[in-house]
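Here's the structure, in structure tokens; my notes come after.
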Protein chains: 2
Amino acid sequence: MEQLFQYFKKFNPLSKDAENAIAEISTMVSIKKNKDLQPIGHACKTIYFINKGVARIYYFKDGIDITEGFFFENSIIARVESLFTGKPSRKAIQVLEDAEIVAIDANALFKLYNSFPEIERLFRKIFEAAYVDTVNRIEGIQFHTAEERYKALLNEAPNVLQRVPLKYVASYLGITQVSLSRIRAHH
Amino acid sequence: MEQLFQYFKKFNPLSKDAENAIAEISTMVSIKKNKDLQPIGHACKTIYFINKGVARIYYFKDGIDITEGFFFENSIIARVESLFTGKPSRKAIQVLEDAEIVAIDANALFKLYNSFPEIERLFRKIFEAAYVDTVNRIEGIQFHTAEERYKALLNEAPNVLQRVPLKYVASYLGITQVSLSRIRAHH
DNA sequence: CTAATCCTTTAACATAAGATAAATAATCAG
DNA sequence: CTGATTATTTATCTTATGTTAAAGGATTAG
């Protein structure tokens, strides 16, 4: 849990009481490469934090596996379109390397918001930052060729290309595996 | 202000005290068609609510005007990538019809979070909902042809096509004006 | 009301990316 | 270690979208 509390400090440092309250509603999960942490079709009731490993959020569109995003050590994963609406998620979370993950019970967390305003503030800030990332990502998608998007990824997150199968990277970039391969060949 | 408070009720009803506190840090703005409400290059210190009119957020990429989003009556506009980071925004807000807008001083609002947890909660929920919209929008962009995106817009937000010049719609859809025209001709 | 400007469409051509298929290369299970 | 599966690359062809240019419509300023 210590790693998670360190992460929290960057957003909103918590009192010991608040940390303990979060520890009580959290569990450690060890999960093997390629396994789904959460399957498609259930309401998202958990917020995850990656201590070790890589994960992706994915879904199927017309039978095709599409990666929405990649997540590395020291980051939060949640399928917010379900978490914040209560609707079942059409998305799954899959681990791409053997991983150590903290699972936080979201309903219990939302209850803690009432007794610990500092926790509500913490998660407000965490999700505000995630929101900003998402807005910036749209800007990266609009009006860029596939090659530009690939180069941007290579530049901003080279670890993605080192640790993640290219077929997942392709759909993340919004192109086919074949196109990605062609772009990489063109150097 | 009444229209804004009605909007708030959908997220988190406020006490009279809280409403008054927000009223005190807000001003009404009347602005003419095609005028910029906020120019490019300043840190975003204001959250807007549209009582009447249409607006868009836009920016320039390689000299080309790109629309990030459209906003209609009864919605909040903010350039969150600046609001939540404090960095200057490379984006501007332009009004596309004569508009009536409530401008909320963001720094003053953030201070109110300390005295009114209900206000912090309200805006947490507002931006969580906006975050969900943005995540869903990425899904709409990835792996859809321009024609599919156009039809989706026609279906989900026909008012955009009725009230907004097509040249702005084109960049919003991530295509050129010429392509959009061709797609519309194919019907 | 008219001229000037701006918006939208149409046309012709160029190019990036999709689809399909097949050949390598890498990984995994037994 | 070996065969089987899975991932990646390469090739060929097709198609959607970009680019540029020009024409027609619509809107606006004076």
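Residue numbering restarts at 1 for every chain of the structure tokens, chains are lettered A, B, ... in their displayed order, and ligands are numbered from 1 as they appear.
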Exercise for the section: Pick out the residues sitting within 9 Å of Val80 of chain A, and hand them over as a list in words; count only C-alpha atoms (C1' of nucleotides), and ignore anything fewer than 5 positions along from it in its own chain. Expected result: Cys44, Thr85 and Ser89 of chain A; Glu128, Tyr131, Val132 and Val135 of chain B
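Neighbours of segment 34-41 of chain A closer than or equal to 6 Å, with only C-alpha atoms (C1' of nucleotides) counted and sequence neighbours fewer than 2 positions away skipped, come out as Lys32, Pro88, Ser89, Arg90, Lys91, Ala92, Ile93, Gln94, Val95 and Leu96 of chain A.
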Exercise for the section: For DT8 of chain D, list every protein, DNA or RNA residue within 12 Å, evaluated using only C-alpha atoms (C1' of nucleotides), and leave out those in the same chain fewer than 3 positions away; present the list as an NGL selection string. Expected result: (:A and (165-167 or 170 or 177-182 or 184-185)) or (:C and (23-26))
Written selection (C-alpha atoms (C1' of nucleotides)) as a PDB file, in the first residue's frame:
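Everything below was put into part.pdb:
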```pdb
ATOM      1  CA  PRO A 165       2.464  -6.315 -28.334  1.00  0.00           C
ATOM      2  CA  LEU A 166       2.204  -4.231 -31.489  1.00  0.00           C
ATOM      3  CA  LYS A 167      -1.233  -5.541 -32.343  1.00  0.00           C
ATOM      4  CA  ALA A 170      -2.166  -0.562 -33.603  1.00  0.00           C
ATOM      5  CA  GLN A 177      -1.751  -3.992 -37.467  1.00  0.00           C
ATOM      6  CA  VAL A 178      -0.740  -4.080 -41.117  1.00  0.00           C
ATOM      7  CA  SER A 179      -0.607  -0.297 -41.363  1.00  0.00           C
ATOM      8  CA  LEU A 180       1.450  -0.049 -38.216  1.00  0.00           C
ATOM      9  CA  SER A 181       3.922  -2.557 -39.577  1.00  0.00           C
ATOM     10  CA  ARG A 182       4.178  -0.580 -42.804  1.00  0.00           C
ATOM     11  CA  ARG A 184       7.515   1.035 -38.825  1.00  0.00           C
ATOM     12  CA  ALA A 185       9.193  -0.264 -41.996  1.00  0.00           C
TER      13      ALA A 185
ATOM     14  C1'  DA C  23       5.490 -15.572 -45.671  1.00  0.00           C
ATOM     15  C1'  DT C  24       8.526 -15.074 -41.610  1.00  0.00           C
ATOM     16  C1'  DA C  25       9.459 -14.657 -36.855  1.00  0.00           C
ATOM     17  C1'  DA C  26       8.525 -15.292 -32.111  1.00  0.00           C
TER      18       DA C  26
END
```
Practice task
Give as number ranges by chain every residue of chain C that touches chain B within 12 Å, counting only C-alpha atoms (C1' of nucleotides).
Solution key: C: 6-11, 17-18
For N, CA, C and O atoms (P, O5', C5', C4', C3', O3' and C1' of nucleotides), I'd like the residues from the last selection saved as a PDB file, in the first residue's frame.
```
ATOM      1  P    DC C   6     -13.483  37.515 -45.584  1.00  0.00           P
ATOM      2  O5'  DC C   6     -14.584  36.389 -45.374  1.00  0.00           O
ATOM      3  C5'  DC C   6     -15.809  36.716 -44.722  1.00  0.00           C
ATOM      4  C4'  DC C   6     -16.773  35.563 -44.897  1.00  0.00           C
ATOM      5  C3'  DC C   6     -16.136  34.194 -44.640  1.00  0.00           C
ATOM      6  O3'  DC C   6     -17.009  33.482 -43.776  1.00  0.00           O
ATOM      7  C1'  DC C   6     -17.223  34.203 -46.736  1.00  0.00           C
ATOM      8  P    DC C   7     -16.632  31.985 -43.260  1.00  0.00           P
ATOM      9  O5'  DC C   7     -17.627  31.089 -44.116  1.00  0.00           O
ATOM     10  C5'  DC C   7     -19.025  31.254 -43.940  1.00  0.00           C
ATOM     11  C4'  DC C   7     -19.741  30.285 -44.861  1.00  0.00           C
ATOM     12  C3'  DC C   7     -19.326  28.825 -44.687  1.00  0.00           C
ATOM     13  O3'  DC C   7     -20.524  28.082 -44.460  1.00  0.00           O
ATOM     14  C1'  DC C   7     -19.199  29.463 -46.971  1.00  0.00           C
ATOM     15  P    DT C   8     -20.493  26.471 -44.255  1.00  0.00           P
ATOM     16  O5'  DT C   8     -20.643  25.939 -45.743  1.00  0.00           O
ATOM     17  C5'  DT C   8     -21.885  26.135 -46.407  1.00  0.00           C
ATOM     18  C4'  DT C   8     -21.785  25.519 -47.784  1.00  0.00           C
ATOM     19  C3'  DT C   8     -21.376  24.046 -47.793  1.00  0.00           C
ATOM     20  O3'  DT C   8     -22.497  23.310 -48.283  1.00  0.00           O
ATOM     21  C1'  DT C   8     -20.222  25.299 -49.451  1.00  0.00           C
ATOM     22  P    DT C   9     -22.424  21.731 -48.521  1.00  0.00           P
ATOM     23  O5'  DT C   9     -22.007  21.653 -50.066  1.00  0.00           O
ATOM     24  C5'  DT C   9     -22.858  22.263 -51.020  1.00  0.00           C
ATOM     25  C4'  DT C   9     -22.179  22.238 -52.383  1.00  0.00           C
ATOM     26  C3'  DT C   9     -21.839  20.843 -52.915  1.00  0.00           C
ATOM     27  O3'  DT C   9     -22.586  20.649 -54.100  1.00  0.00           O
ATOM     28  C1'  DT C   9     -20.036  22.366 -53.236  1.00  0.00           C
ATOM     29  P    DT C  10     -22.716  19.204 -54.782  1.00  0.00           P
ATOM     30  O5'  DT C  10     -21.538  19.221 -55.879  1.00  0.00           O
ATOM     31  C5'  DT C  10     -21.540  20.242 -56.869  1.00  0.00           C
ATOM     32  C4'  DT C  10     -20.228  20.209 -57.636  1.00  0.00           C
ATOM     33  C3'  DT C  10     -19.759  18.812 -58.077  1.00  0.00           C
ATOM     34  O3'  DT C  10     -19.745  18.804 -59.495  1.00  0.00           O
ATOM     35  C1'  DT C  10     -17.968  20.109 -57.194  1.00  0.00           C
ATOM     36  P    DA C  11     -19.410  17.463 -60.325  1.00  0.00           P
ATOM     37  O5'  DA C  11     -17.854  17.625 -60.626  1.00  0.00           O
ATOM     38  C5'  DA C  11     -17.371  18.825 -61.254  1.00  0.00           C
ATOM     39  C4'  DA C  11     -15.867  18.735 -61.403  1.00  0.00           C
ATOM     40  C3'  DA C  11     -15.333  17.334 -61.734  1.00  0.00           C
ATOM     41  O3'  DA C  11     -14.498  17.426 -62.877  1.00  0.00           O
ATOM     42  C1'  DA C  11     -14.146  18.259 -59.904  1.00  0.00           C
ATOM     43  P    DA C  17      -1.726   7.227 -42.793  1.00  0.00           P
ATOM     44  O5'  DA C  17      -2.754   6.009 -42.878  1.00  0.00           O
ATOM     45  C5'  DA C  17      -4.131   6.296 -42.859  1.00  0.00           C
ATOM     46  C4'  DA C  17      -4.909   5.126 -43.391  1.00  0.00           C
ATOM     47  C3'  DA C  17      -4.650   3.795 -42.664  1.00  0.00           C
ATOM     48  O3'  DA C  17      -5.878   3.319 -42.179  1.00  0.00           O
ATOM     49  C1'  DA C  17      -4.599   3.512 -45.005  1.00  0.00           C
ATOM     50  P    DG C  18      -6.097   1.950 -41.441  1.00  0.00           P
ATOM     51  O5'  DG C  18      -7.014   1.127 -42.467  1.00  0.00           O
ATOM     52  C5'  DG C  18      -8.314   1.629 -42.770  1.00  0.00           C
ATOM     53  C4'  DG C  18      -9.015   0.675 -43.732  1.00  0.00           C
ATOM     54  C3'  DG C  18      -9.066  -0.771 -43.259  1.00  0.00           C
ATOM     55  O3'  DG C  18     -10.327  -1.353 -43.582  1.00  0.00           O
ATOM     56  C1'  DG C  18      -7.904  -0.663 -45.316  1.00  0.00           C
TER      57       DG C  18
END
```
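Those residues of chain D that fall within 12 Å of chain A when using only C-alpha atoms (C1' of nucleotides) read D:DT6, D:DA7, D:DT8, D:DT9, D:DT10, D:DA11, D:DT17, D:DG18.
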